[in-house]
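Okay, structure-v1.pdb is below, PDB, C-alpha atoms, pLDDT in the B column:
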ATOM      1  CA  MET A  23     -29.631  16.879 -11.977  1.00 73.00           C
ATOM      2  CA  SER A  24     -32.248  19.098 -10.399  1.00 82.00           C
ATOM      3  CA  ASN A  25     -32.617  21.450  -7.455  1.00 89.00           C
ATOM      4  CA  GLU A  26     -35.470  21.012  -5.002  1.00 92.00           C
ATOM      5  CA  ILE A  27     -37.190  24.344  -4.339  1.00 94.00           C
ATOM      6  CA  THR A  28     -40.071  24.350  -1.855  1.00 95.00           C
ATOM      7  CA  ARG A  29     -42.399  27.125  -0.717  1.00 96.00           C
ATOM      8  CA  MET A  30     -45.387  27.211   1.667  1.00 97.00           C
ATOM      9  CA  PHE A  31     -48.453  29.229   0.619  1.00 97.00           C
ATOM     10  CA  ALA A  32     -51.340  30.470   2.755  1.00 96.00           C
ATOM     11  CA  ASP A  33     -53.971  28.580   0.762  1.00 96.00           C
ATOM     12  CA  ALA A  34     -54.521  26.104  -2.065  1.00 96.00           C
ATOM     13  CA  ALA A  35     -55.598  28.799  -4.560  1.00 97.00           C
ATOM     14  CA  THR A  36     -52.304  30.685  -4.246  1.00 97.00           C
ATOM     15  CA  ALA A  37     -50.283  27.474  -4.611  1.00 97.00           C
ATOM     16  CA  ALA A  38     -52.346  26.536  -7.698  1.00 97.00           C
ATOM     17  CA  ARG A  39     -51.669  29.935  -9.328  1.00 97.00           C
ATOM     18  CA  ALA A  40     -47.927  29.562  -8.669  1.00 97.00           C
ATOM     19  CA  ALA A  41     -47.976  26.011 -10.105  1.00 97.00           C
ATOM     20  CA  ASP A  42     -49.858  27.205 -13.206  1.00 97.00           C
ATOM     21  CA  GLU A  43     -47.302  29.963 -13.844  1.00 97.00           C
ATOM     22  CA  LEU A  44     -44.466  27.458 -13.476  1.00 96.00           C
ATOM     23  CA  ARG A  45     -46.128  25.146 -16.022  1.00 96.00           C
ATOM     24  CA  GLU A  46     -46.543  28.092 -18.439  1.00 96.00           C
ATOM     25  CA  GLU A  47     -42.776  28.642 -18.146  1.00 95.00           C
ATOM     26  CA  GLY A  48     -42.141  24.987 -19.040  1.00 95.00           C
ATOM     27  CA  PHE A  49     -41.547  23.445 -15.599  1.00 95.00           C
ATOM     28  CA  ASN A  50     -43.290  20.096 -15.184  1.00 94.00           C
ATOM     29  CA  ASP A  51     -41.765  18.455 -12.103  1.00 95.00           C
ATOM     30  CA  ILE A  52     -44.152  20.185  -9.670  1.00 96.00           C
ATOM     31  CA  PHE A  53     -45.673  18.637  -6.550  1.00 96.00           C
ATOM     32  CA  VAL A  54     -48.419  20.360  -4.497  1.00 97.00           C
ATOM     33  CA  VAL A  55     -49.736  19.167  -1.133  1.00 96.00           C
ATOM     34  CA  ASN A  56     -52.868  20.877   0.150  1.00 96.00           C
ATOM     35  CA  SER A  57     -54.301  20.619   3.651  1.00 92.00           C
ATOM     36  CA  PRO A  58     -56.248  17.342   3.877  1.00 89.00           C
ATOM     37  CA  GLY A  59     -58.408  18.413   6.812  1.00 81.00           C
ATOM     38  CA  ALA A  60     -58.299  18.225  10.584  1.00 79.00           C
ATOM     39  CA  ASP A  61     -58.476  14.446  11.082  1.00 86.00           C
ATOM     40  CA  VAL A  62     -55.317  13.479   9.155  1.00 91.00           C
ATOM     41  CA  PRO A  63     -52.227  12.897  11.336  1.00 92.00           C
ATOM     42  CA  GLN A  64     -49.075  14.867  10.595  1.00 92.00           C
ATOM     43  CA  SER A  65     -47.151  11.661   9.910  1.00 92.00           C
ATOM     44  CA  ALA A  66     -49.496  10.889   7.000  1.00 94.00           C
ATOM     45  CA  ILE A  67     -49.058  14.444   5.680  1.00 94.00           C
ATOM     46  CA  ALA A  68     -45.268  14.117   5.986  1.00 94.00           C
ATOM     47  CA  ALA A  69     -45.393  10.848   4.030  1.00 94.00           C
ATOM     48  CA  GLN A  70     -47.431  12.539   1.288  1.00 95.00           C
ATOM     49  CA  ILE A  71     -44.934  15.423   1.128  1.00 95.00           C
ATOM     50  CA  ALA A  72     -42.033  12.936   0.966  1.00 95.00           C
ATOM     51  CA  GLU A  73     -43.640  11.365  -2.135  1.00 94.00           C
ATOM     52  CA  GLY A  74     -42.639  14.578  -3.906  1.00 93.00           C
ATOM     53  CA  ARG A  75     -38.960  13.628  -3.340  1.00 93.00           C
ATOM     54  CA  VAL A  76     -38.592  15.851  -0.267  1.00 94.00           C
ATOM     55  CA  TYR A  77     -36.351  14.529   2.504  1.00 92.00           C
ATOM     56  CA  LEU A  78     -38.492  12.943   5.205  1.00 92.00           C
ATOM     57  CA  GLY A  79     -36.900  15.106   7.918  1.00 92.00           C
ATOM     58  CA  ASP A  80     -37.858  18.237   5.979  1.00 93.00           C
ATOM     59  CA  ALA A  81     -41.297  16.783   5.187  1.00 95.00           C
ATOM     60  CA  ARG A  82     -41.995  16.416   8.914  1.00 94.00           C
ATOM     61  CA  ILE A  83     -41.259  20.108   9.411  1.00 94.00           C
ATOM     62  CA  TYR A  84     -43.453  21.131   6.467  1.00 96.00           C
ATOM     63  CA  ALA A  85     -46.271  18.835   7.641  1.00 95.00           C
ATOM     64  CA  SER A  86     -47.151  21.085  10.579  1.00 94.00           C
ATOM     65  CA  GLY A  87     -47.831  23.999   8.208  1.00 94.00           C
ATOM     66  CA  VAL A  88     -49.921  21.861   5.871  1.00 95.00           C
ATOM     67  CA  ALA A  89     -51.875  20.481   8.857  1.00 94.00           C
ATOM     68  CA  ALA A  90     -52.587  24.096   9.862  1.00 93.00           C
ATOM     69  CA  GLY A  91     -54.369  24.685   6.537  1.00 94.00           C
ATOM     70  CA  HIS A  92     -51.545  25.871   4.273  1.00 96.00           C
ATOM     71  CA  SER A  93     -50.351  24.422   0.939  1.00 97.00           C
ATOM     72  CA  LEU A  94     -46.854  23.272   0.043  1.00 97.00           C
ATOM     73  CA  LEU A  95     -45.416  23.469  -3.463  1.00 97.00           C
ATOM     74  CA  THR A  96     -42.208  21.673  -4.414  1.00 96.00           C
ATOM     75  CA  VAL A  97     -40.471  22.076  -7.773  1.00 96.00           C
ATOM     76  CA  HIS A  98     -37.525  20.040  -8.977  1.00 95.00           C
ATOM     77  CA  ALA A  99     -35.913  22.622 -11.237  1.00 93.00           C
ATOM     78  CA  PRO A 100     -33.378  21.511 -13.849  1.00 92.00           C
ATOM     79  CA  PHE A 101     -29.815  22.612 -13.212  1.00 88.00           C
ATOM     80  CA  GLY A 102     -29.377  26.300 -13.972  1.00 88.00           C
ATOM     81  CA  SER A 103     -33.055  27.267 -13.719  1.00 92.00           C
ATOM     82  CA  GLY A 104     -33.397  27.566  -9.941  1.00 91.00           C
ATOM     83  CA  LYS A 105     -33.380  31.381  -9.871  1.00 93.00           C
ATOM     84  CA  ILE A 106     -36.264  31.545 -12.364  1.00 95.00           C
ATOM     85  CA  VAL A 107     -38.314  29.137 -10.241  1.00 95.00           C
ATOM     86  CA  GLU A 108     -37.503  31.037  -7.050  1.00 94.00           C
ATOM     87  CA  SER A 109     -38.534  34.373  -8.569  1.00 95.00           C
ATOM     88  CA  ILE A 110     -41.861  32.921  -9.791  1.00 96.00           C
ATOM     89  CA  LEU A 111     -42.629  31.335  -6.423  1.00 96.00           C
ATOM     90  CA  ASP A 112     -41.566  34.388  -4.439  1.00 96.00           C
ATOM     91  CA  ALA A 113     -43.815  36.608  -6.584  1.00 97.00           C
ATOM     92  CA  HIS A 114     -46.840  34.674  -5.243  1.00 97.00           C
ATOM     93  CA  GLY A 115     -46.158  35.626  -1.630  1.00 96.00           C
ATOM     94  CA  PRO A 116     -44.998  32.485   0.147  1.00 96.00           C
ATOM     95  CA  ILE A 117     -45.311  32.306   3.933  1.00 96.00           C
ATOM     96  CA  GLU A 118     -42.915  30.925   6.538  1.00 94.00           C
ATOM     97  CA  SER A 119     -42.703  27.164   6.235  1.00 91.00           C
ATOM     98  CA  GLY A 120     -41.104  26.434   9.584  1.00 88.00           C
ATOM     99  CA  MET A 121     -37.888  25.309   7.893  1.00 87.00           C
ATOM    100  CA  PRO A 122     -34.858  26.960   9.518  1.00 83.00           C
ATOM    101  CA  ARG A 123     -33.074  29.339   7.185  1.00 75.00           C
ATOM    102  CA  VAL A 124     -29.414  28.722   6.478  1.00 68.00           C
ATOM    103  CA  ALA A 125     -27.301  31.827   6.140  1.00 63.00           C
ATOM    104  CA  PRO A 126     -25.098  31.791   3.040  1.00 60.00           C
ATOM    105  CA  VAL A 127     -21.454  31.263   3.868  1.00 57.00           C
ATOM    106  CA  SER A 128     -18.857  33.009   1.772  1.00 59.00           C
ATOM    107  CA  MET A 129     -15.365  32.289   2.960  1.00 63.00           C
ATOM    108  CA  TRP A 130     -12.753  32.153   0.276  1.00 68.00           C
ATOM    109  CA  ASP A 131      -9.149  32.267   1.301  1.00 72.00           C
ATOM    110  CA  GLU A 132      -6.576  32.486  -1.474  1.00 75.00           C
ATOM    111  CA  ALA A 133      -3.935  31.090   0.869  1.00 74.00           C
ATOM    112  CA  ALA A 134      -6.009  27.941   1.533  1.00 75.00           C
ATOM    113  CA  PRO A 135      -8.171  27.204  -1.525  1.00 78.00           C
ATOM    114  CA  LEU A 136      -8.789  23.540  -0.688  1.00 76.00           C
ATOM    115  CA  SER A 137      -9.979  24.421   2.798  1.00 74.00           C
ATOM    116  CA  SER A 138     -12.197  27.096   1.255  1.00 74.00           C
ATOM    117  CA  VAL A 139     -13.756  24.696  -1.257  1.00 74.00           C
ATOM    118  CA  LEU A 140     -14.360  22.052   1.413  1.00 73.00           C
ATOM    119  CA  ALA A 141     -15.521  24.692   3.932  1.00 71.00           C
ATOM    120  CA  MET A 142     -13.048  23.338   6.470  1.00 70.00           C
ATOM    121  CA  PRO A 143     -10.937  25.313   8.896  1.00 69.00           C
ATOM    122  CA  THR A 144      -7.265  25.560   8.086  1.00 69.00           C
ATOM    123  CA  VAL A 145      -6.257  25.007  11.699  1.00 69.00           C
ATOM    124  CA  ILE A 146      -7.872  22.201  13.640  1.00 66.00           C
ATOM    125  CA  ASP A 147      -8.113  22.301  17.428  1.00 66.00           C
ATOM    126  CA  ASP A 148      -7.641  18.523  17.576  1.00 68.00           C
ATOM    127  CA  PRO A 149      -3.904  17.731  17.991  1.00 67.00           C
ATOM    128  CA  ASP A 150      -4.277  14.200  16.624  1.00 70.00           C
ATOM    129  CA  PRO A 151      -7.272  14.068  14.253  1.00 69.00           C
ATOM    130  CA  MET A 152      -6.248  10.900  12.412  1.00 69.00           C
ATOM    131  CA  SER A 153      -5.804   8.973  15.649  1.00 70.00           C
ATOM    132  CA  ARG A 154      -9.300  10.042  16.724  1.00 69.00           C
ATOM    133  CA  VAL A 155     -10.843   9.144  13.353  1.00 68.00           C
ATOM    134  CA  MET A 156      -9.128   5.763  13.222  1.00 70.00           C
ATOM    135  CA  GLY A 157      -9.874   5.003  16.876  1.00 69.00           C
ATOM    136  CA  ILE A 158      -6.293   4.411  17.950  1.00 69.00           C
ATOM    137  CA  PRO A 159      -4.402   6.250  20.662  1.00 69.00           C
ATOM    138  CA  PRO A 160      -1.816   8.770  19.406  1.00 69.00           C
ATOM    139  CA  LEU A 161       0.991   7.191  21.459  1.00 65.00           C
ATOM    140  CA  THR A 162       1.244   3.472  21.980  1.00 55.00           C
ATOM    141  CA  GLY A 163       3.358   1.151  24.054  1.00 50.00           C
ATOM    142  CA  SER A 164       5.570  -1.484  22.496  1.00 45.00           C
ATOM    143  CA  ASP A 165       3.041  -4.196  23.292  1.00 52.00           C
ATOM    144  CA  CYS A 166       0.495  -2.855  20.777  1.00 56.00           C
ATOM    145  CA  SER A 167       2.700  -1.481  18.037  1.00 58.00           C
ATOM    146  CA  LEU A 168       3.803  -3.140  14.806  1.00 62.00           C
ATOM    147  CA  SER A 169       7.327  -3.319  16.168  1.00 62.00           C
ATOM    148  CA  GLY A 170       6.096  -5.149  19.267  1.00 61.00           C
ATOM    149  CA  ALA A 171       4.011  -7.535  17.163  1.00 63.00           C
ATOM    150  CA  ILE A 172       7.002  -8.632  15.050  1.00 67.00           C
ATOM    151  CA  GLY A 173       9.449  -8.796  17.951  1.00 66.00           C
ATOM    152  CA  LEU A 174      11.407  -5.584  17.483  1.00 66.00           C
ATOM    153  CA  PRO A 175      11.826  -2.907  20.107  1.00 62.00           C
ATOM    154  CA  LEU A 176       9.864   0.292  19.493  1.00 60.00           C
ATOM    155  CA  LEU A 177      13.057   2.320  19.852  1.00 61.00           C
ATOM    156  CA  ALA A 178      16.388   0.581  19.426  1.00 57.00           C
ATOM    157  CA  GLU A 179      19.169   1.030  21.905  1.00 57.00           C
ATOM    158  CA  GLY A 180      22.644   0.947  20.423  1.00 57.00           C
ATOM    159  CA  ASP A 181      23.307  -0.556  17.004  1.00 57.00           C
ATOM    160  CA  MET A 182      20.432  -2.215  15.173  1.00 55.00           C
ATOM    161  CA  PRO A 183      21.214  -5.651  13.736  1.00 55.00           C
ATOM    162  CA  ASP A 184      21.661  -5.036  10.031  1.00 54.00           C
ATOM    163  CA  ASN A 185      20.470  -8.363   8.671  1.00 56.00           C
ATOM    164  CA  ARG A 186      17.801  -9.898  10.944  1.00 56.00           C
ATOM    165  CA  TRP A 187      15.537 -11.326   8.202  1.00 60.00           C
ATOM    166  CA  GLY A 188      17.977 -11.472   5.338  1.00 61.00           C
ATOM    167  CA  PHE A 189      17.617  -7.890   4.104  1.00 61.00           C
ATOM    168  CA  LYS A 190      19.203  -4.646   5.138  1.00 61.00           C
ATOM    169  CA  PHE A 191      17.214  -2.128   7.149  1.00 62.00           C
ATOM    170  CA  LEU A 192      19.376   0.727   5.945  1.00 66.00           C
ATOM    171  CA  SER A 193      20.898   1.054   2.509  1.00 69.00           C
ATOM    172  CA  ASP A 194      24.013   2.800   1.342  1.00 74.00           C
ATOM    173  CA  ASN A 195      22.466   3.184  -2.138  1.00 78.00           C
ATOM    174  CA  PRO A 196      20.553   6.472  -2.657  1.00 79.00           C
ATOM    175  CA  ALA A 197      18.577   5.033  -5.623  1.00 82.00           C
ATOM    176  CA  PRO A 198      18.011   1.311  -4.954  1.00 80.00           C
ATOM    177  CA  LEU A 199      15.149   0.842  -7.450  1.00 81.00           C
ATOM    178  CA  SER A 200      17.058   2.482 -10.300  1.00 84.00           C
ATOM    179  CA  SER A 201      20.136   0.420  -9.464  1.00 84.00           C
ATOM    180  CA  MET A 202      18.147  -2.806  -9.297  1.00 84.00           C
ATOM    181  CA  LEU A 203      16.530  -2.138 -12.683  1.00 87.00           C
ATOM    182  CA  GLY A 204      19.777  -0.886 -14.243  1.00 86.00           C
ATOM    183  CA  LEU A 205      18.303   2.544 -15.030  1.00 84.00           C
ATOM    184  CA  PRO A 206      20.038   5.872 -14.667  1.00 82.00           C
ATOM    185  CA  VAL A 207      18.685   8.160 -11.947  1.00 78.00           C
ATOM    186  CA  LEU A 208      18.735  11.208 -14.227  1.00 76.00           C
ATOM    187  CA  THR A 209      18.704  11.258 -17.993  1.00 68.00           C
ATOM    188  CA  LYS A 210      19.476  13.946 -20.508  1.00 68.00           C
ATOM    189  CA  ASP A 211      16.752  12.779 -22.897  1.00 65.00           C
ATOM    190  CA  ARG A 212      13.152  13.943 -22.513  1.00 59.00           C
TER
END
Can you present the structure in this file as structure tokens?
Amino acid sequence: MSNEITRMFADAATAARAADELREEGFNDIFVVNSPGADVPQSAIAAQIAEGRVYLGDARIYASGVAAGHSLLTVHAPFGSGKIVESILDAHGPIESGMPRVAPVSMWDEAAPLSSVLAMPTVIDDPDPMSRVMGIPPLTGSDCSLSGAIGLPLLAEGDMPDNRWGFKFLSDNPAPLSSMLGLPVLTKDR
């Protein structure tokens, strides 16, 4: 597993010096794209950048800087070595690449650790999120419910027939599986 770290440099010489220092430190998965000249379309530059395992959407953004005469350096740093790569690249004076910066988000809530890990709000404004996700309305009529499909009313009026298909709808036994298997509900043995 590796981390993609990309920086734009003002010229090819600066990018080459940064790449050389990275190689001296033992990093080998380095990809440099220099400006090809004025007649090369940005789509071709983006395709060349994408060959370095950069997402094509990001490559399109970087391509405008490379077309303007700058150089792009991408390193795929092994897990745990990203900070070393970033410090080496940043020491060579990278310039703005055009890529929007993402502000780090730090929101840990002890009361809602799962929501914190997943970066999800604990309270959702949507009153029926599962209905929306599944594409079904939150309230249905009897004609489109399971009860309607099998011939039962959605809500029963009066007493429900207890044995319509040969089995009881309600049971007087609080532990039917244990009773059926002849097992005790609670045991004293561990």
For the file shown, report as JSON, numbers by chain the outcome of the PyMOL selection byres ((chain A and resi 80) around 10) at residue level.
-> {"A": [68, 71, 72, 76, 77, 78, 79, 81, 82, 83, 84, 85, 120, 121, 122]}
Mind giving me the straight-line distance from CA of Gly59 (chain A) to CA of Ala40 (chain A) in Å, one decimal?
-> 21.8 Å
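If you look at CA of Ala37 (chain A) and CA of Val88 (chain A), they are 11.9 Å away from each other.
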Between CA of Ile27 (chain A) and CA of His98 (chain A) lies a distance of 6.3 Å
Between A:Ala99, A:Ala134, A:Met156, A:Ala89, which has the minimum distance to Glu47 (chain A) (counting all atoms listed in the file)?
-> A:Ala99
Kindly provide, as lines of an AutoDock Vina configuration file, the centre and edge lengths (Å, one decimal) of an axis-aligned box around all atoms of region 132-143 of chain A given in the file, with 4 Å on each side.
center_x = -9.7
center_y = 27.3
center_z = 3.7
size_x = 19.6
size_y = 18.4
size_z = 18.4
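Take the candidates A:Leu203, A:Leu94, A:Arg123, A:Met142 and check each one against Leu111 (chain A) using all atoms listed in the file; the shortest distance goes to A:Leu94.
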Find the residue from A:Glu132, A:Ala35, A:Thr28, A:Leu208 that sits nearest to Ser119 (chain A); use all atoms listed in the file when measuring.
-> A:Thr28
For each of A:Arg45, A:Arg39, A:Arg75, A:His92, take the minimum atom-to-atom distance to Glu118 (chain A), counting only C-alpha atoms, then give the residue where this is smallest.
->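 Closest to Glu118 (chain A), using only C-alpha atoms: A:His92.
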